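Notes follow the structure.
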Amino acid sequence: MSKVSKAHLREMKKIILTVITVGLAGMMFSFALAYFELLPKTRSEQYVVFCQSGTCHPKDLPYQDHALSFDERTDDLLSRMTTTEKIGQLALVEKNSIHNPEDIARYGLGALLSGAGAKPESNTAEGWFQMVKDFQEQATKTRLSIPLFYGVDAIHGHTNVPGATVFPHAIGLGASKDADLVRDIAYATAKEAAATGVNWVYSPNVDIAQDMRWGRVYETFGSDPSNVSTLGKASVEGIQSFDNEGLKVAATAKHYLGNGATEWGSSTNKDFKIDQGNVTLSDIALRQTQLTPFRAAIEANAQSIMVGLNQWNGEKVIFNKYLLTDVLRNELGFKGFVVSDWYGVYENETDNYQALVKAINAGVDMVMLPFDYKTFSNDMQRALKNGDISKERLDEATRRILKAKFETGLFDGVLLEQASDIGTIEHRALAQKAVSESLVSLKNNKVVPISKKTPKIFVAGSAANNIGMQSGAWTVEWQGIDGNWIPGTTILKGIQDKVSSSTKVEYSLVADFAETSGLADIGIAVIGERPYAEGWGDIESPTLSSEDLMTIAKLKRVSKKVVVVIVSGRPLNIKDFVKDWDAVIAAWLPGSEGQGVADVLFGDKPFVGVLPIIWDL
Ligand code: GLC
């Protein structure tokens with residue numbers, strides 16, 4: 001090679017090295033700019049940086065502009081989100097599974113829940129507010145400051161919190177058939193929930209109860225599709241009409257679809273019999289019964305619908321695209337978001353990744369994750385990378401969730417602690433009214449109403465002096481509580497407060513009255529079911545316990561007339577005994593305001609309740 005060519009070569013090498021050096025420097029500079037966000041953002045650029053320091057609060061962006069429509073704001077926000085941020089919006093994480101609050105920002109989580117009984121350190125309104133506020137502050141540390149949905153089961157009041165008003169469970173409201181009452185109760189429940197920072201409730205349950213052996217009958221408005229639809233719609237309206245300085249509460253119609261029509265012995269949960277079981281109704285039968293209340297809830301613009309843990313013809317509804325997309329979206333026009341129930345996506349599955357892909361592609365928008373959100377996030381990233389879940393499907397689900405957040409005021413409202421809104425006199429009066437309207441006379445030999453001047457009344461029974469029993473489950477604890485340690489009025493106290501000063505009321509839990517007490521003019525036995533939730537209440541033949549039957553028999557021996565008040569979540573088989581009783585009243589699960597029972601027993605209120613479900617007597 002000639003010198004010239006050698007020199008030329010040396011020159012060439014210098015030029016190439018210079019180009020490479022400049023290029024590398026340029027790339028480093030660009031990354032640096034990108035990292036410090038100095039580069040002008042193109043809408044589609046994928047940033048994965050979450051602002052841990054909280055210094056990235058976005059300001060004055062279109063999605064924060066109240067003047068724009070919710071659709072425009074949703075579109076703008078969606079266009080700015082990374083894949084990771086979108087995936088985070090699809091996660092509904094049980095708060096006890098979060099061991100590092102920073103994960104909320106790290107995974108861009110969009111929603112948290114307190115499963116029944118998942119309370120803050122201090123289970124007070126203030127404690128709840130602080131817990132939710134702390135979680136929300138973590139969410140504002142994210143790059144786009146997307147607020148969290150925080151959801152609870154408030155199915156008969158925000159009863160997670162001691163001191164909240166405990167309204168009658170839905171079966172009693174079903175007996176009232178009073179849509180205005182149900183709407184007012186739903187509004188009051190939303191108000192008490194919002195007072196603690198909660199902005200999403202998993203209510204109303206619009207299942208249609210078909211089998212009295214099911215442990216969730218009392219959570220429903222009964223077995224008449226029309227009554228369930230009317231009351232379910234009123235409940236959604238009541239919840240979503242509450243507006244606290246722009247901050248609202250989202251309702252959830254549940255459990256789509258057919259959860260109330262499962263068959264005995266078909267449960268996929270080894271501990272249960274019928275709950276989480278299989279439905280074999282035909283398509284047309286399903287549409288004419290179980291689907292009806294969801295139409296009504298959609299008419300009321302329910303923000304969310306929860307998919308049940310049941311199967312239809314052997315397939316999980318959670319995986320059923322026909323029901324979740326073709327019917328719910330294309331036929332019924334549901335615009336909100338679909339959330340899966342508890343561990344339903346993964347329960348009894350051998351391949352969690354495939355289960356997740358199936359659920360999302362069937363139409364589940366948000367996945368309830370009681371235990372593990374990290375695997376969910378990784379699996380979603382994997383599914384998007386390899387196309388098992390399309391980007392369009394991810395955007396569709398994210399859009400639905402964001403729109404619901406905008407409509408619920410999460411971006412615009414102000415988180416206000418209002419502990420004084422919990423358990424107010426007004427709400428308790430409303431609950432007392434509901435108790436009176438829920439009572440159903442099953443038998444009455446002209447004994448009720450009882451005179452307030454009756455000389456001597458004996459009161460006995462397991463549910464006479466027990467607010468825990470009269471409230472039922474989903475009260476502070478998932479399976480309910482026992483005793484009188486939350487505020488309220490027992491049925492016994494309601495009776496004692498109602499009668500004249502000349503009336504002598506004696507109480508004995510098991511009807512052990514002294515011989516010297518002589519005979520009572522009226523014996524009132526208040527008995528019934530101990531609290532149970534979900535499949536733990538599945539039972540082959542619902543009836544009264546032998547202890548309760550013994551109490552009634554003993555009371556009858558020392559009373560001229562006996563009135564039996566049944567506190568239960570469902571009809572009980574009392575056919576063999578009812579002939580011995582002078583009056584029988586279904587009180588369902590009245591909640592904290594037991595004085596509503598005395599209002600009817602002593603004639604201040606008439607019987608207006610009618611059976612929301614068949615009760616064979
Ligand atoms: C439960 C229930 C559902 C409830 C959810 C969250 O498994 O089926 O009704 O809303 O979990 O607690």
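Just so we're on the same page: first chain in the structure tokens is A, next is B, and so on; residues restart at 1 for each chain, and ligands are numbered from 1 in the order they show up.
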
Subject >> Cut-off 8 Å, only C-alpha atoms and all ligand atoms, neighbours of ligand 1 as an NGL selection string >> reply: :A and (113-116 or 152-153 or 202-203 or 205 or 254-255 or 306 or 308-309 or 341-343 or 534)

**OP:** Any chance you could list, as a PyMOL selection string, the residues in stretch 337-550 of chain A that come up strand (DSSP E) when DSSP is run on the backbone?
**Re:** chain A and resi 337-340+367-369+440-444+456-460+504-508+520-528

Same residues, C-alpha atoms, saved as a compact mmCIF listing (two decimals), in the first residue's frame:
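Generated file (again16.txt):
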```txt
# COMPACT_ATOMS: atom_id res chain seq x y z
CA PHE A 337 -65.68 -1.03 33.35
CA VAL A 338 -65.87 -4.71 34.25
CA VAL A 339 -64.01 -5.86 37.35
CA SER A 340 -63.38 -9.48 38.28
CA VAL A 367 -58.53 -7.62 37.70
CA MET A 368 -59.07 -7.91 41.45
CA LEU A 369 -55.75 -9.05 42.92
CA VAL A 440 -93.31 -9.18 57.10
CA SER A 441 -96.17 -10.75 59.06
CA LEU A 442 -96.04 -14.51 58.47
CA LYS A 443 -98.82 -15.31 60.95
CA ASN A 444 -100.91 -13.17 63.28
CA LYS A 456 -96.28 -8.10 81.67
CA ILE A 457 -94.04 -8.98 78.72
CA PHE A 458 -91.31 -11.64 78.70
CA VAL A 459 -88.58 -11.27 76.07
CA ALA A 460 -86.17 -14.10 75.25
CA LYS A 504 -93.14 -4.87 83.23
CA VAL A 505 -90.62 -6.24 80.72
CA GLU A 506 -88.45 -9.18 81.81
CA TYR A 507 -85.65 -10.58 79.67
CA SER A 508 -83.90 -13.95 79.73
CA ALA A 520 -96.61 -13.12 81.01
CA ASP A 521 -99.42 -11.67 78.98
CA ILE A 522 -97.17 -11.72 75.93
CA GLY A 523 -93.96 -13.64 75.37
CA ILE A 524 -91.74 -12.30 72.58
CA ALA A 525 -89.04 -14.68 71.27
CA VAL A 526 -86.42 -13.02 69.07
CA ILE A 527 -84.35 -15.80 67.50
CA GLY A 528 -82.66 -16.66 64.24
```

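Distance check against A:Asn160 using only C-alpha atoms: of A:Val201, A:Val228, A:Val307, A:Ile585, the minimum falls on A:Val201.
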
Original post:
Which residues come within 10 Å of stretch 347-357 of chain A, counting only C-alpha atoms, excluding same-chain residues fewer than 6 positions away, as a list in words?
Top reply: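 Non-adjacent residues within range: Thr268, Asn269, Leu309, Lys316, Ile318, Phe319, Val364, Val367, Thr375, Phe376, Asn378, Asp379, Met380, Arg382, Ala383, Leu384, Asp388 and Ile389 of chain A.
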
Original post:
In terms of the shortest atom-to-atom distance over only C-alpha atoms, which of A:Gly494, A:Pro455, A:Pro612, A:Gly468 is closest to A:Lys560?
Top reply: A:Pro455

Subject >> Spatial neighbours of A:Leu332, 10 Å, only C-alpha atoms, chain gap at least 4 places, as an MDAnalysis selection string >> reply: chainID A and resid 291 294:296 298:299 325:328

How about saving the chosen residues, N, CA, C and O atoms kept, as a JSON list (two decimals), in the first residue's frame?
```
[["chain", "number", "residue", "atom", "x", "y", "z"],
["A", 291, "LEU", "N", -80.38, -11.47, 33.98],
["A", 291, "LEU", "CA", -79.81, -10.34, 33.23],
["A", 291, "LEU", "C", -80.61, -9.06, 33.44],
["A", 291, "LEU", "O", -80.07, -7.96, 33.35],
["A", 294, "PHE", "N", -79.31, -6.17, 35.54],
["A", 294, "PHE", "CA", -78.11, -5.50, 34.99],
["A", 294, "PHE", "C", -78.51, -4.49, 33.93],
["A", 294, "PHE", "O", -77.88, -3.44, 33.78],
["A", 295, "ARG", "N", -79.59, -4.79, 33.19],
["A", 295, "ARG", "CA", -80.10, -3.78, 32.25],
["A", 295, "ARG", "C", -80.46, -2.52, 33.04],
["A", 295, "ARG", "O", -80.11, -1.40, 32.66],
["A", 296, "ALA", "N", -81.13, -2.73, 34.18],
["A", 296, "ALA", "CA", -81.58, -1.59, 34.98],
["A", 296, "ALA", "C", -80.39, -0.82, 35.54],
["A", 296, "ALA", "O", -80.36, 0.41, 35.54],
["A", 298, "ILE", "N", -77.46, -0.60, 34.25],
["A", 298, "ILE", "CA", -76.81, 0.10, 33.14],
["A", 298, "ILE", "C", -77.60, 1.36, 32.80],
["A", 298, "ILE", "O", -77.05, 2.42, 32.53],
["A", 299, "GLU", "N", -78.94, 1.25, 32.89],
["A", 299, "GLU", "CA", -79.77, 2.45, 32.65],
["A", 299, "GLU", "C", -79.42, 3.54, 33.67],
["A", 299, "GLU", "O", -79.49, 4.73, 33.40],
["A", 325, "THR", "N", -68.72, -9.49, 26.58],
["A", 325, "THR", "CA", -68.56, -8.51, 25.50],
["A", 325, "THR", "C", -69.79, -8.48, 24.59],
["A", 325, "THR", "O", -70.45, -7.44, 24.47],
["A", 326, "ASP", "N", -70.15, -9.60, 24.01],
["A", 326, "ASP", "CA", -71.26, -9.59, 23.05],
["A", 326, "ASP", "C", -72.55, -9.12, 23.73],
["A", 326, "ASP", "O", -73.25, -8.23, 23.23],
["A", 327, "VAL", "N", -72.87, -9.69, 24.89],
["A", 327, "VAL", "CA", -74.13, -9.33, 25.55],
["A", 327, "VAL", "C", -73.99, -7.99, 26.29],
["A", 327, "VAL", "O", -74.74, -7.03, 26.02],
["A", 328, "LEU", "N", -73.00, -7.93, 27.18],
["A", 328, "LEU", "CA", -72.91, -6.76, 28.08],
["A", 328, "LEU", "C", -72.58, -5.48, 27.32],
["A", 328, "LEU", "O", -73.18, -4.42, 27.57]]
```

Got a sec: who's within 9 Å of A:Val182, counting only C-alpha atoms, leaving out chain neighbours fewer than 6 positions off, as a tab-separated table (two decimals) with all heavy atoms, in the first residue's frame?
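And here's selection_32.tsv as it stands now:
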```tsv
chain	number	residue	atom	x	y	z
A	170	ALA	N	-80.01	-6.25	52.23
A	170	ALA	CA	-80.85	-6.03	51.06
A	170	ALA	C	-82.14	-6.86	51.07
A	170	ALA	O	-83.18	-6.39	50.60
A	170	ALA	CB	-80.04	-6.34	49.80
A	173	LEU	N	-84.76	-4.90	52.51
A	173	LEU	CA	-85.15	-3.78	51.63
A	173	LEU	C	-85.99	-4.33	50.48
A	173	LEU	O	-86.92	-3.68	50.01
A	173	LEU	CB	-83.90	-3.06	51.11
A	173	LEU	CG	-82.96	-2.52	52.20
A	173	LEU	CD1	-81.79	-1.78	51.57
A	173	LEU	CD2	-83.71	-1.61	53.17
A	174	GLY	N	-85.67	-5.57	50.09
A	174	GLY	CA	-86.49	-6.21	49.05
A	174	GLY	C	-87.92	-6.35	49.52
A	174	GLY	O	-88.87	-6.17	48.76
A	176	SER	N	-89.41	-4.39	51.56
A	176	SER	CA	-90.05	-3.06	51.62
A	176	SER	C	-90.58	-2.66	50.25
A	176	SER	O	-91.53	-1.89	50.14
A	176	SER	CB	-89.03	-2.01	52.07
A	176	SER	OG	-88.19	-1.64	50.98
A	231	LEU	N	-85.13	-1.96	42.54
A	231	LEU	CA	-84.35	-1.56	43.72
A	231	LEU	C	-82.87	-1.45	43.41
A	231	LEU	O	-82.17	-0.57	43.91
A	231	LEU	CB	-84.60	-2.55	44.87
A	231	LEU	CG	-86.06	-2.68	45.34
A	231	LEU	CD1	-86.16	-3.62	46.53
A	231	LEU	CD2	-86.66	-1.32	45.68
A	232	GLY	N	-82.39	-2.31	42.51
A	232	GLY	CA	-80.98	-2.24	42.12
A	232	GLY	C	-80.69	-0.94	41.40
A	232	GLY	O	-79.68	-0.27	41.66
A	234	ALA	N	-82.39	1.85	41.75
A	234	ALA	CA	-82.48	2.93	42.75
A	234	ALA	C	-81.19	3.00	43.57
A	234	ALA	O	-80.70	4.09	43.90
A	234	ALA	CB	-83.67	2.69	43.66
A	235	SER	N	-80.62	1.84	43.85
A	235	SER	CA	-79.39	1.83	44.64
A	235	SER	C	-78.23	2.46	43.89
A	235	SER	O	-77.48	3.29	44.44
A	235	SER	CB	-79.04	0.37	45.01
A	235	SER	OG	-77.90	0.32	45.81
A	238	GLY	N	-78.78	6.15	43.88
A	238	GLY	CA	-78.51	6.76	45.19
A	238	GLY	C	-77.02	6.91	45.44
A	238	GLY	O	-76.53	7.97	45.83
A	434	ALA	N	-86.42	1.95	57.60
A	434	ALA	CA	-86.25	0.79	56.72
A	434	ALA	C	-86.56	-0.51	57.45
A	434	ALA	O	-87.18	-1.43	56.89
A	434	ALA	CB	-84.82	0.77	56.18
```

Subject >> Atomic distance atom CA of A:Gln303 - atom CA of A:His156, expressed in Å with one decimal >> reply: 19.1 Å

Original post:
What separation in Å, quoted to one decimal, exists between atom CA of A:Thr83 and atom CA of A:Leu68?
Top reply: 24.5 Å

**OP:** Using DSSP on the backbone coordinates, identify all residues within stretch 217-400 of chain A classified as helix (DSSP H, G or I); present the result as number ranges by chain.
**Re:** A: 217-219, 225-241, 259-261, 283-288, 292-299, 317-319, 321-331, 352-362, 373-385, 391-400
